[in-house]
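J.: Please find query09.csv (CSV, C-alpha atoms) on the next line:
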```csv
chain,number,residue,atom,x,y,z
A,1,MET,CA,-19.2,-7.4,14.7
A,2,THR,CA,-17.0,-8.9,17.3
A,3,ALA,CA,-17.3,-7.6,20.8
A,4,PRO,CA,-14.0,-6.3,22.2
A,5,SER,CA,-12.6,-8.1,25.3
A,6,SER,CA,-14.2,-6.9,28.5
A,7,ALA,CA,-10.7,-6.4,29.8
A,8,LEU,CA,-10.2,-3.6,27.3
A,9,LEU,CA,-13.4,-1.7,28.2
A,10,THR,CA,-14.7,0.0,31.3
A,11,ALA,CA,-18.3,1.1,32.1
A,12,THR,CA,-18.5,4.6,30.8
A,13,ALA,CA,-22.3,5.0,30.9
A,14,ARG,CA,-25.3,3.7,32.6
A,15,VAL,CA,-28.9,2.8,31.8
A,16,VAL,CA,-31.5,5.4,32.8
A,17,SER,CA,-34.7,3.9,31.2
A,18,VAL,CA,-35.8,0.8,29.4
A,19,GLN,CA,-38.6,0.4,26.8
A,20,GLU,CA,-38.5,-3.2,25.4
A,21,GLY,CA,-35.6,-3.2,22.9
A,22,LEU,CA,-35.0,0.6,23.2
A,23,VAL,CA,-32.8,1.7,26.1
A,24,ARG,CA,-31.8,5.2,27.1
A,25,ILE,CA,-28.3,5.5,28.5
A,26,GLN,CA,-26.4,8.4,30.1
A,27,ALA,CA,-22.7,9.0,29.9
A,28,ASN,CA,-20.7,9.0,33.1
A,29,PRO,CA,-18.7,12.1,33.8
A,30,ASP,CA,-15.0,11.9,33.4
A,31,ALA,CA,-12.3,12.5,36.1
A,32,ALA,CA,-12.7,16.3,35.6
A,33,GLY,CA,-16.4,16.1,36.1
A,34,LYS,CA,-17.2,16.8,32.4
A,35,PRO,CA,-20.0,14.7,30.8
A,36,GLY,CA,-18.9,11.8,28.7
A,37,GLN,CA,-19.2,11.7,24.9
A,38,LEU,CA,-21.7,9.5,23.0
A,39,VAL,CA,-21.5,9.0,19.3
A,40,LYS,CA,-24.3,8.1,16.9
A,41,ASN,CA,-24.1,4.6,15.5
A,42,GLU,CA,-21.4,3.6,18.1
A,43,ALA,CA,-21.5,0.0,19.3
A,44,VAL,CA,-22.0,-0.3,23.0
A,45,PHE,CA,-22.4,-3.3,25.3
A,46,ILE,CA,-25.0,-3.5,28.1
A,47,LEU,CA,-24.3,-5.7,31.2
A,48,PRO,CA,-27.5,-7.1,32.7
A,49,THR,CA,-27.8,-7.4,36.5
A,50,ARG,CA,-27.8,-11.2,36.7
A,51,PRO,CA,-25.5,-13.6,35.0
A,52,GLY,CA,-26.6,-15.9,32.1
A,53,PRO,CA,-27.7,-19.5,32.4
A,54,ASP,CA,-24.0,-20.7,32.3
A,55,GLY,CA,-23.0,-18.2,35.0
A,56,ARG,CA,-21.1,-15.9,32.6
A,57,GLN,CA,-21.6,-12.1,32.5
A,58,GLU,CA,-23.7,-11.4,29.4
A,59,ARG,CA,-22.7,-8.4,27.2
A,60,LEU,CA,-25.6,-7.3,25.0
A,61,LYS,CA,-24.8,-5.7,21.7
A,62,ALA,CA,-26.5,-2.3,21.1
A,63,GLU,CA,-26.2,0.6,18.7
A,64,VAL,CA,-26.6,4.3,19.5
A,65,LEU,CA,-29.5,5.6,17.4
A,66,ARG,CA,-29.9,9.2,18.7
A,67,VAL,CA,-27.8,11.4,20.9
A,68,ARG,CA,-29.1,14.2,23.0
A,69,GLY,CA,-26.4,15.9,25.1
A,70,ASP,CA,-25.0,13.3,27.6
A,71,THR,CA,-27.9,10.9,27.0
A,72,ALA,CA,-28.6,8.6,24.0
A,73,ASP,CA,-31.2,6.2,22.8
A,74,VAL,CA,-29.7,2.8,21.9
A,75,GLN,CA,-31.2,-0.2,20.1
A,76,VAL,CA,-30.4,-3.5,21.8
A,77,TYR,CA,-30.1,-6.3,19.3
A,78,GLU,CA,-31.1,-9.0,21.8
A,79,SER,CA,-33.7,-9.5,24.6
A,80,THR,CA,-33.4,-6.8,27.4
A,81,ASP,CA,-34.6,-9.2,30.1
A,82,GLY,CA,-32.6,-8.3,33.3
A,83,VAL,CA,-31.6,-4.8,32.0
A,84,ALA,CA,-32.7,-2.2,34.7
A,85,VAL,CA,-32.0,1.4,35.6
A,86,GLY,CA,-28.4,1.8,36.7
A,87,VAL,CA,-27.0,-1.2,34.7
A,88,PRO,CA,-23.5,-0.4,33.5
A,89,VAL,CA,-22.8,0.2,29.8
A,90,GLU,CA,-19.5,-0.2,28.0
A,91,GLN,CA,-18.6,2.0,25.0
A,92,SER,CA,-16.5,0.4,22.3
A,93,GLY,CA,-15.3,3.6,20.7
A,94,GLN,CA,-16.1,2.1,17.3
A,95,LEU,CA,-19.1,2.4,15.0
A,96,LEU,CA,-21.2,-0.8,14.4
A,97,SER,CA,-18.9,-2.6,12.0
A,98,VAL,CA,-18.3,-5.9,10.1
A,99,GLU,CA,-15.0,-7.7,9.5
A,100,LEU,CA,-13.8,-7.9,5.9
A,101,GLY,CA,-11.3,-10.5,5.0
A,102,PRO,CA,-10.8,-14.0,3.4
A,103,GLY,CA,-13.2,-16.6,4.6
A,104,LEU,CA,-16.5,-14.8,4.1
A,105,LEU,CA,-17.7,-16.9,1.2
A,106,GLY,CA,-19.8,-19.9,2.1
A,107,GLN,CA,-20.7,-18.5,5.5
A,108,VAL,CA,-24.0,-18.1,7.2
A,109,PHE,CA,-24.1,-15.0,9.5
A,110,ASP,CA,-26.8,-13.3,11.5
A,111,GLY,CA,-27.5,-9.6,11.1
A,112,LEU,CA,-24.5,-8.6,13.1
A,113,GLN,CA,-22.1,-11.0,11.4
A,114,SER,CA,-22.0,-13.6,14.1
A,115,PRO,CA,-21.3,-17.0,12.3
A,116,LEU,CA,-24.4,-19.0,13.2
A,117,PRO,CA,-22.9,-22.5,12.6
A,118,LYS,CA,-19.9,-21.7,14.9
A,119,VAL,CA,-22.2,-20.1,17.5
A,120,ALA,CA,-24.4,-23.2,17.5
A,121,ALA,CA,-21.4,-25.6,17.7
A,122,GLU,CA,-20.1,-23.7,20.7
A,123,PHE,CA,-23.2,-22.9,22.6
A,124,GLY,CA,-25.8,-25.4,21.4
A,125,THR,CA,-29.1,-25.2,19.4
A,126,PHE,CA,-30.7,-22.4,21.5
A,127,LEU,CA,-28.4,-19.4,21.0
A,128,PRO,CA,-27.7,-17.5,24.3
A,129,ARG,CA,-27.6,-13.8,24.6
A,130,GLY,CA,-24.3,-12.0,24.3
A,131,ALA,CA,-22.6,-14.9,22.5
A,132,ASP,CA,-19.2,-13.7,21.3
A,133,VAL,CA,-17.8,-15.6,18.4
A,134,ALA,CA,-15.3,-14.2,15.8
A,135,PRO,CA,-17.0,-13.8,12.4
A,136,LEU,CA,-13.9,-15.1,10.5
A,137,ASP,CA,-11.7,-18.1,11.1
A,138,ASP,CA,-8.5,-16.7,12.7
A,139,GLN,CA,-6.7,-20.1,13.0
A,140,THR,CA,-6.4,-21.3,9.4
A,141,LYS,CA,-3.2,-20.4,7.6
A,142,ARG,CA,-3.8,-19.0,4.1
A,143,SER,CA,-1.4,-18.5,1.3
A,144,PHE,CA,-0.7,-14.8,0.8
A,145,THR,CA,0.8,-13.6,-2.4
A,146,PRO,CA,2.0,-10.0,-2.4
A,147,THR,CA,1.4,-7.7,-5.4
A,148,VAL,CA,3.6,-4.9,-4.1
A,149,LYS,CA,7.3,-4.8,-3.2
A,150,VAL,CA,9.4,-2.9,-0.8
A,151,GLY,CA,9.6,0.8,-1.9
A,152,ASP,CA,6.3,0.9,-3.7
A,153,THR,CA,3.9,3.7,-2.8
A,154,VAL,CA,0.2,2.8,-2.1
A,155,THR,CA,-2.9,4.6,-0.9
A,156,ALA,CA,-6.3,3.7,0.7
A,157,GLY,CA,-8.1,1.0,-1.3
A,158,ASP,CA,-5.0,-0.2,-3.1
A,159,SER,CA,-4.4,-4.0,-3.2
A,160,ILE,CA,-1.2,-5.2,-1.6
A,161,GLY,CA,-1.7,-8.9,-2.3
A,162,THR,CA,-4.2,-11.8,-2.8
A,163,VAL,CA,-5.4,-14.8,-0.9
A,164,PRO,CA,-7.1,-17.8,-2.6
A,165,GLU,CA,-10.8,-18.0,-1.5
A,166,GLY,CA,-12.5,-20.9,-3.2
A,167,HIS,CA,-12.6,-20.1,-6.9
A,168,PHE,CA,-11.7,-16.5,-6.4
A,169,ASN,CA,-8.7,-14.4,-5.3
A,170,HIS,CA,-9.5,-12.3,-2.3
A,171,LYS,CA,-7.7,-9.0,-2.7
A,172,VAL,CA,-6.2,-7.6,0.5
A,173,LYS,CA,-6.5,-3.8,0.5
A,174,LEU,CA,-5.3,-0.9,2.5
A,175,PRO,CA,-8.1,0.2,4.9
A,176,PHE,CA,-10.5,2.5,3.1
A,177,ASN,CA,-10.3,5.2,5.7
A,178,TRP,CA,-6.5,5.8,5.5
A,179,SER,CA,-5.5,9.1,4.0
A,180,GLY,CA,-2.3,10.1,2.2
A,181,ASP,CA,0.4,7.9,0.6
A,182,TYR,CA,2.3,5.1,2.3
A,183,LYS,CA,5.6,3.5,1.4
A,184,VAL,CA,5.9,-0.3,1.7
A,185,VAL,CA,8.9,-1.0,4.0
A,186,TRP,CA,8.3,-4.8,4.5
A,187,VAL,CA,6.0,-7.4,3.1
A,188,GLN,CA,5.9,-11.1,3.6
A,189,GLU,CA,4.9,-14.0,1.4
A,190,GLY,CA,3.5,-17.4,2.4
A,191,ALA,CA,1.2,-18.8,5.0
A,192,ALA,CA,-0.6,-16.4,7.4
A,193,ASN,CA,-3.8,-16.2,9.3
A,194,ILE,CA,-6.1,-13.2,9.2
A,195,ARG,CA,-4.4,-11.7,12.4
A,196,ASP,CA,-0.8,-12.1,11.2
A,197,ILE,CA,1.0,-9.0,10.0
A,198,VAL,CA,1.7,-9.3,6.3
A,199,ALA,CA,3.1,-5.8,5.5
A,200,ARG,CA,4.6,-2.8,7.2
A,201,LEU,CA,4.1,0.7,5.7
A,202,GLU,CA,5.5,4.1,6.5
A,203,ASP,CA,3.5,7.4,6.1
A,204,ALA,CA,4.8,10.8,5.0
A,205,GLN,CA,5.7,11.7,8.7
A,206,GLY,CA,7.7,8.5,9.2
A,207,GLY,CA,5.1,6.7,11.3
A,208,GLU,CA,4.9,3.0,10.9
A,209,HIS,CA,1.6,1.1,10.1
A,210,THR,CA,0.9,-2.6,10.0
A,211,LEU,CA,-1.5,-4.6,7.8
A,212,THR,CA,-3.2,-7.9,8.4
A,213,LEU,CA,-5.5,-9.9,6.0
A,214,ALA,CA,-8.7,-8.5,7.6
A,215,GLN,CA,-10.0,-5.0,8.4
A,216,LYS,CA,-13.2,-3.6,9.8
A,217,TRP,CA,-15.6,-1.2,8.2
A,218,PRO,CA,-18.7,0.6,9.6
A,219,VAL,CA,-21.9,-0.9,8.1
A,220,ARG,CA,-23.7,2.5,7.9
A,221,ARG,CA,-20.8,4.4,6.3
A,222,PRO,CA,-20.4,4.3,2.5
A,223,LEU,CA,-16.9,4.1,1.0
A,224,PRO,CA,-15.1,7.4,0.8
A,225,GLU,CA,-15.6,9.4,-2.4
A,226,SER,CA,-11.9,9.3,-3.0
A,227,ILE,CA,-12.0,5.5,-3.3
A,228,LEU,CA,-15.0,5.6,-5.7
A,229,LYS,CA,-13.6,8.5,-7.8
A,230,ARG,CA,-10.5,6.5,-8.7
A,231,ALA,CA,-12.8,3.9,-10.3
A,232,LEU,CA,-15.2,6.2,-11.9
A,233,SER,CA,-14.5,9.8,-13.1
A,234,GLU,CA,-18.1,10.2,-14.2
A,235,ARG,CA,-21.4,8.4,-13.6
A,236,LEU,CA,-21.9,5.4,-15.9
A,237,TYR,CA,-25.4,4.7,-17.0
A,238,PRO,CA,-26.6,1.1,-17.4
A,239,THR,CA,-25.8,-0.3,-20.8
A,240,GLU,CA,-26.2,-4.1,-20.4
A,241,PRO,CA,-28.5,-6.4,-18.4
A,242,VAL,CA,-27.7,-9.0,-15.7
A,243,LEU,CA,-28.6,-12.4,-17.2
A,244,THR,CA,-30.8,-13.9,-14.5
A,245,SER,CA,-31.6,-17.0,-16.7
A,246,GLN,CA,-35.3,-16.4,-16.1
A,247,ARG,CA,-36.6,-15.8,-19.6
A,248,LEU,CA,-39.6,-13.7,-18.5
A,249,ILE,CA,-37.4,-11.3,-16.5
A,250,ASP,CA,-34.6,-11.1,-19.1
A,251,THR,CA,-37.1,-10.5,-21.9
A,252,PHE,CA,-39.7,-8.1,-20.4
A,253,PHE,CA,-38.2,-6.8,-17.2
A,254,PRO,CA,-34.4,-6.8,-17.6
A,255,VAL,CA,-32.3,-5.9,-14.6
A,256,ALA,CA,-29.4,-3.6,-15.4
A,257,ARG,CA,-25.9,-4.3,-14.3
A,258,GLY,CA,-25.1,-1.8,-11.6
A,259,GLY,CA,-28.8,-1.1,-11.1
A,260,THR,CA,-31.5,-2.1,-8.8
A,261,ALA,CA,-34.8,-3.9,-9.1
A,262,CYS,CA,-37.7,-5.1,-6.9
A,263,ILE,CA,-40.2,-7.9,-7.0
A,264,PRO,CA,-43.5,-6.5,-5.5
A,265,GLY,CA,-46.2,-8.7,-4.4
A,266,PRO,CA,-48.3,-9.8,-1.3
A,267,PHE,CA,-47.1,-12.4,1.2
A,268,GLY,CA,-47.1,-15.9,-0.1
A,269,ALA,CA,-47.0,-14.8,-3.8
A,270,GLY,CA,-43.7,-16.6,-4.6
A,271,LYS,CA,-41.3,-13.7,-4.4
A,272,THR,CA,-38.8,-15.8,-2.4
A,273,VAL,CA,-39.0,-18.7,-4.8
A,274,LEU,CA,-38.2,-16.3,-7.7
A,275,GLN,CA,-35.4,-14.7,-5.9
A,276,ASN,CA,-33.8,-18.1,-5.1
A,277,LEU,CA,-34.0,-19.0,-8.8
A,278,ILE,CA,-32.2,-15.8,-9.7
A,279,ALA,CA,-29.6,-16.4,-7.0
A,280,ARG,CA,-28.9,-19.9,-8.3
A,281,ASN,CA,-28.7,-19.1,-12.1
A,282,ALA,CA,-27.7,-15.4,-12.5
A,283,LYS,CA,-24.5,-14.8,-14.4
A,284,VAL,CA,-22.6,-13.1,-11.5
A,285,ASP,CA,-19.5,-13.8,-9.4
A,286,ILE,CA,-20.8,-13.4,-5.9
A,287,VAL,CA,-24.3,-13.7,-4.4
A,288,ILE,CA,-25.3,-12.3,-1.0
A,289,VAL,CA,-28.7,-13.3,0.3
A,290,VAL,CA,-30.1,-11.2,3.2
A,291,ALA,CA,-33.0,-13.0,4.8
A,292,CYS,CA,-34.5,-10.0,6.6
A,293,GLY,CA,-37.4,-11.3,8.7
A,294,GLU,CA,-38.2,-14.2,6.5
A,295,ARG,CA,-39.9,-17.4,7.8
A,296,ALA,CA,-37.4,-20.0,9.2
A,297,GLY,CA,-38.5,-22.7,6.8
A,298,GLU,CA,-37.6,-20.7,3.7
A,299,VAL,CA,-34.2,-19.9,5.0
A,300,VAL,CA,-33.5,-23.4,6.1
A,301,GLU,CA,-34.4,-24.6,2.6
A,302,THR,CA,-31.9,-22.1,1.1
A,303,ILE,CA,-29.1,-23.1,3.5
A,304,SER,CA,-29.6,-26.9,2.9
A,305,GLU,CA,-30.1,-26.7,-0.9
A,306,PHE,CA,-27.4,-24.3,-2.0
A,307,PRO,CA,-24.4,-26.6,-0.9
A,308,LYS,CA,-25.9,-29.5,-3.0
A,309,MET,CA,-26.4,-27.4,-6.1
A,310,THR,CA,-23.8,-26.8,-8.9
A,311,ASP,CA,-22.6,-23.3,-9.7
A,312,PRO,CA,-23.4,-22.9,-13.4
A,313,THR,CA,-20.2,-20.7,-13.8
A,314,THR,CA,-17.5,-22.6,-11.9
A,315,GLY,CA,-19.0,-26.1,-11.7
A,316,GLY,CA,-18.4,-26.2,-7.9
A,317,SER,CA,-20.9,-25.9,-5.1
A,318,LEU,CA,-23.3,-23.0,-5.3
A,319,MET,CA,-22.5,-22.1,-1.7
A,320,ASP,CA,-18.9,-21.5,-2.6
A,321,ARG,CA,-19.9,-18.1,-4.1
A,322,THR,CA,-22.6,-17.3,-1.7
A,323,ILE,CA,-22.9,-15.4,1.7
A,324,ILE,CA,-26.2,-15.7,3.6
A,325,ILE,CA,-27.2,-13.1,6.2
A,326,CYS,CA,-29.8,-14.8,8.3
A,327,ASN,CA,-32.2,-12.7,10.5
A,328,ILE,CA,-35.4,-14.7,10.4
A,329,SER,CA,-38.7,-13.6,11.9
A,330,SER,CA,-38.1,-15.5,15.1
A,331,MET,CA,-34.9,-13.5,15.8
A,332,PRO,CA,-34.9,-10.0,17.4
A,333,VAL,CA,-36.7,-7.6,15.2
A,334,ALA,CA,-34.1,-4.9,16.0
A,335,ALA,CA,-31.4,-6.5,14.0
A,336,ARG,CA,-33.4,-6.5,10.7
A,337,GLU,CA,-32.3,-3.1,9.7
A,338,ALA,CA,-28.7,-3.8,10.6
A,339,SER,CA,-28.8,-7.0,8.5
A,340,ILE,CA,-29.5,-5.1,5.3
A,341,PHE,CA,-26.5,-2.8,5.9
A,342,THR,CA,-24.3,-5.8,6.8
A,343,GLY,CA,-25.1,-7.4,3.5
A,344,ILE,CA,-24.5,-4.2,1.5
A,345,THR,CA,-21.1,-3.7,3.2
A,346,LEU,CA,-20.0,-7.2,2.4
A,347,GLY,CA,-21.1,-6.7,-1.2
A,348,GLU,CA,-19.1,-3.4,-1.4
A,349,CYS,CA,-16.0,-5.3,-0.3
A,350,TYR,CA,-16.2,-7.7,-3.2
A,351,ARG,CA,-17.3,-5.0,-5.7
A,352,GLN,CA,-14.1,-3.1,-4.9
A,353,MET,CA,-12.2,-6.3,-5.8
A,354,GLY,CA,-13.7,-6.1,-9.3
A,355,TYR,CA,-16.3,-8.9,-8.9
A,356,ASP,CA,-19.9,-8.7,-10.1
A,357,VAL,CA,-22.1,-9.0,-6.9
A,358,LEU,CA,-25.8,-9.8,-6.7
A,359,LEU,CA,-27.4,-8.7,-3.4
A,360,ILE,CA,-30.8,-10.0,-2.6
A,361,ALA,CA,-32.7,-8.6,0.3
A,362,ASP,CA,-35.9,-10.5,1.3
A,363,SER,CA,-38.0,-8.9,2.3
A,364,THR,CA,-37.9,-5.1,2.4
A,365,SER,CA,-41.4,-5.0,3.7
A,366,ARG,CA,-40.4,-6.7,6.9
A,367,TRP,CA,-37.4,-4.4,7.0
A,368,ALA,CA,-39.7,-1.4,6.8
A,369,GLN,CA,-41.9,-2.9,9.5
A,370,ALA,CA,-38.9,-3.1,11.8
A,371,MET,CA,-38.1,0.6,11.0
A,372,ARG,CA,-41.8,1.5,11.9
A,373,GLU,CA,-41.5,-0.3,15.2
A,374,THR,CA,-38.3,1.6,16.1
A,375,LEU,CA,-39.9,4.9,15.0
A,376,GLY,CA,-42.7,4.4,17.4
A,377,LYS,CA,-40.4,3.8,20.3
A,378,LEU,CA,-38.3,6.9,19.4
A,379,GLU,CA,-41.6,8.9,19.4
A,380,GLU,CA,-40.7,10.4,16.0
A,381,ILE,CA,-43.4,11.9,13.7
A,382,PRO,CA,-44.7,9.0,11.5
A,383,GLY,CA,-45.4,9.2,7.8
A,384,GLU,CA,-47.9,7.3,5.7
A,385,GLU,CA,-49.3,4.1,7.4
A,386,GLY,CA,-47.0,4.8,10.4
A,387,PHE,CA,-43.8,4.2,8.5
A,388,PRO,CA,-40.9,6.7,8.9
A,389,ALA,CA,-41.0,9.8,6.7
A,390,TYR,CA,-37.5,8.9,5.5
A,391,LEU,CA,-38.5,5.4,4.4
A,392,GLU,CA,-38.2,6.2,0.7
A,393,SER,CA,-34.8,7.7,1.0
A,394,SER,CA,-33.6,4.8,3.1
A,395,ILE,CA,-34.7,2.3,0.4
```
Mind turning this structure into structure tokens?
T.:
Amino acid sequence: MTAPSSALLTATARVVSVQEGLVRIQANPDAAGKPGQLVKNEAVFILPTRPGPDGRQERLKAEVLRVRGDTADVQVYESTDGVAVGVPVEQSGQLLSVELGPGLLGQVFDGLQSPLPKVAAEFGTFLPRGADVAPLDDQTKRSFTPTVKVGDTVTAGDSIGTVPEGHFNHKVKLPFNWSGDYKVVWVQEGAANIRDIVARLEDAQGGEHTLTLAQKWPVRRPLPESILKRALSERLYPTEPVLTSQRLIDTFFPVARGGTACIPGPFGAGKTVLQNLIARNAKVDIVIVVACGERAGEVVETISEFPKMTDPTTGGSLMDRTIIICNISSMPVAAREASIFTGITLGECYRQMGYDVLLIADSTSRWAQAMRETLGKLEEIPGEEGFPAYLESSI
């Protein structure tokens, strides 16, 4: 998620209480004296009282978890040092989202889609709070080949063109939340970066809309039913397995294509090693590895080894088909839950392009521990062993 420019936002709320990573905010009244509006899962930015080490104003990312009238409980995804009662809060007006577009493959992101190598190159080894770096490269020109022509009618989820992305073609689609039909009135072909306009469309009322190579989608909102129904008119039950190339799994515990599976076991039993073997050798197109609370050494091993290994399908680097979401145990625990949804959203993007996607989340136990910690701060009624009562449905 990229933080909007501070010039585009004004402080529309303020902090009224702080409990570690959980902060309660209250919306400021508008010009007419009416209370402001807060929205669940909206991204907000908290401005600490003192500047950061480099003198800049830090803007801490947070997400609204619960709304009660004109107050809301928000989860801050970084340290809340310096956040006090009365500190201003900026509302983005957007749900916590990720950016979908060419350039995702081969990247290492944190749980909020900040590109860790770019952040480290800009700010140094020790990542500062409030670091704002665009998740996708917006400078490189990419070759855009349209698959529609002027006069064609398209709707949400339709592909308007392709961009080469490694060994794959990244399909540029109409935003999934658009409704109705649109007529293509202009489309370009050739080099463009992800911010350039590549097509202009007209809706039924004559309004003009523009398209770029990238779009945003909320991480906690599934794709609309209208998008999914066009692909499936009825539920398809699993009929064939995913070949993991692990003989024991493929023979005795096959994983169905389109299905889910888990590897239970205590800490240190070798679950991560087995998952890495599956990620390296499975017969799939795209692999997304979500390191959710894992030890740093295991994640570093994955990041350093994957670029050196050969993809058994294409013969190129294994990293060319891989996206790593890195939220290790030394990072803020609050972002663990968000990292899972970030990985799922990226996987949905490539699934809608027609690619087979393998999503590995390691580990769900630490993800559940993060949910338990948040539950305690929200003072909700716990379930078994202190976990949320909705843990099973969340999984």
J.: I'd like the interatomic distance between atom CA of A:Gln139 and atom CA of A:Leu211, to a tenth of an Å.
T.: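 Separation of atom CA of A:Gln139 and atom CA of A:Leu211: 17.2 Å.
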J.: Pick out the residues sitting within 6 Å of A:Leu96, and hand them over as a ChimeraX atom specification; count only C-alpha atoms, and ignore anything fewer than 4 positions along from it in its own chain.
T.: /A:42-43,218
J.: Rounded to one decimal, what separation in Å do you get between atom CA of A:Ala335 and atom CA of A:Ser363?
T.: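 Atom CA of A:Ser363 lies 13.6 Å from atom CA of A:Ala335.
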J.: Ranking A:Lys149, A:Arg351, A:Arg336, A:Lys183 by minimum distance to A:Gln75 and counting all atoms listed in the file, which one comes first?
T.: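 Using all atoms listed in the file, A:Gln75 sits closest to A:Arg336.
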J.: The residues within 10 Å of (-16.1, -17.4, 10.5), using all atoms listed in the file and the coordinates of the file, should be reported as a ChimeraX atom specification; which are they?
T.: /A:99,102-109,113-119,133-138
J.: Leaving out stretch 157-166 of chain A and any residue of its chain fewer than 5 positions from it, which residues lie within 8 Å of it when counting all atoms listed in the file, given as a PyMOL selection string?
T.: chain A and resi 102-103+105+142-148+171-176+227+320-321
J.: Using only C-alpha atoms, which residues sit within 6 Å of stretch 193-205 of chain A once same-chain residues fewer than 4 positions away are excluded, as a PyMOL selection string?
T.: chain A and resi 138+140-142+182-188+209-214
J.: Neighbouring residues of stretch 122-131 of chain A were defined as those with any atom within 8 Å, considering only C-alpha atoms; residues of the same chain fewer than 6 positions away were excluded. Please report them as a list in words.
T.: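 In the requested format, the answer is Gly52, Glu58, Arg59, Leu60, Lys61, Glu78 and Ser79 of chain A.
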J.: If we count all atoms listed in the file, what is near A:Asn281 at a cut-off of 8 Å, once residues fewer than 4 positions away on the same chain are taken out, given as a ChimeraX atom specification?
T.: /A:244-245,277,311-312
J.: So how far away is atom CA of A:Ala334 from atom CA of A:Tyr77, in Å?
T.: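 Between these atoms lies a distance of 5.4 Å.
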J.: Within 10 Å of (-20.9, -3.3, 5.6) (file coordinates; only C-alpha atoms), which protein or nucleic acid residues are there? I'd like them as a PDB file with C-alpha atoms, in the coordinates of the input.
T.:
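File part_13.pdb, as written:
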```
ATOM      1  CA  LEU A  96     -21.200  -0.800  14.400  1.00  0.00           C
ATOM      2  CA  SER A  97     -18.900  -2.600  12.000  1.00  0.00           C
ATOM      3  CA  VAL A  98     -18.300  -5.900  10.100  1.00  0.00           C
ATOM      4  CA  GLU A  99     -15.000  -7.700   9.500  1.00  0.00           C
ATOM      5  CA  LEU A 100     -13.800  -7.900   5.900  1.00  0.00           C
ATOM      6  CA  LEU A 112     -24.500  -8.600  13.100  1.00  0.00           C
ATOM      7  CA  GLN A 113     -22.100 -11.000  11.400  1.00  0.00           C
ATOM      8  CA  LYS A 216     -13.200  -3.600   9.800  1.00  0.00           C
ATOM      9  CA  TRP A 217     -15.600  -1.200   8.200  1.00  0.00           C
ATOM     10  CA  PRO A 218     -18.700   0.600   9.600  1.00  0.00           C
ATOM     11  CA  VAL A 219     -21.900  -0.900   8.100  1.00  0.00           C
ATOM     12  CA  ARG A 220     -23.700   2.500   7.900  1.00  0.00           C
ATOM     13  CA  ARG A 221     -20.800   4.400   6.300  1.00  0.00           C
ATOM     14  CA  PRO A 222     -20.400   4.300   2.500  1.00  0.00           C
ATOM     15  CA  LEU A 223     -16.900   4.100   1.000  1.00  0.00           C
ATOM     16  CA  ALA A 338     -28.700  -3.800  10.600  1.00  0.00           C
ATOM     17  CA  SER A 339     -28.800  -7.000   8.500  1.00  0.00           C
ATOM     18  CA  ILE A 340     -29.500  -5.100   5.300  1.00  0.00           C
ATOM     19  CA  PHE A 341     -26.500  -2.800   5.900  1.00  0.00           C
ATOM     20  CA  THR A 342     -24.300  -5.800   6.800  1.00  0.00           C
ATOM     21  CA  GLY A 343     -25.100  -7.400   3.500  1.00  0.00           C
ATOM     22  CA  ILE A 344     -24.500  -4.200   1.500  1.00  0.00           C
ATOM     23  CA  THR A 345     -21.100  -3.700   3.200  1.00  0.00           C
ATOM     24  CA  LEU A 346     -20.000  -7.200   2.400  1.00  0.00           C
ATOM     25  CA  GLY A 347     -21.100  -6.700  -1.200  1.00  0.00           C
ATOM     26  CA  GLU A 348     -19.100  -3.400  -1.400  1.00  0.00           C
ATOM     27  CA  CYS A 349     -16.000  -5.300  -0.300  1.00  0.00           C
TER      28      CYS A 349
END
```
J.: Tell me which of A:Leu243, A:Met331, A:Val299, A:Ile323 sits closest to A:Tyr350, counting all atoms listed in the file.
T.: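 Of all the options, A:Ile323 lies closest to A:Tyr350.
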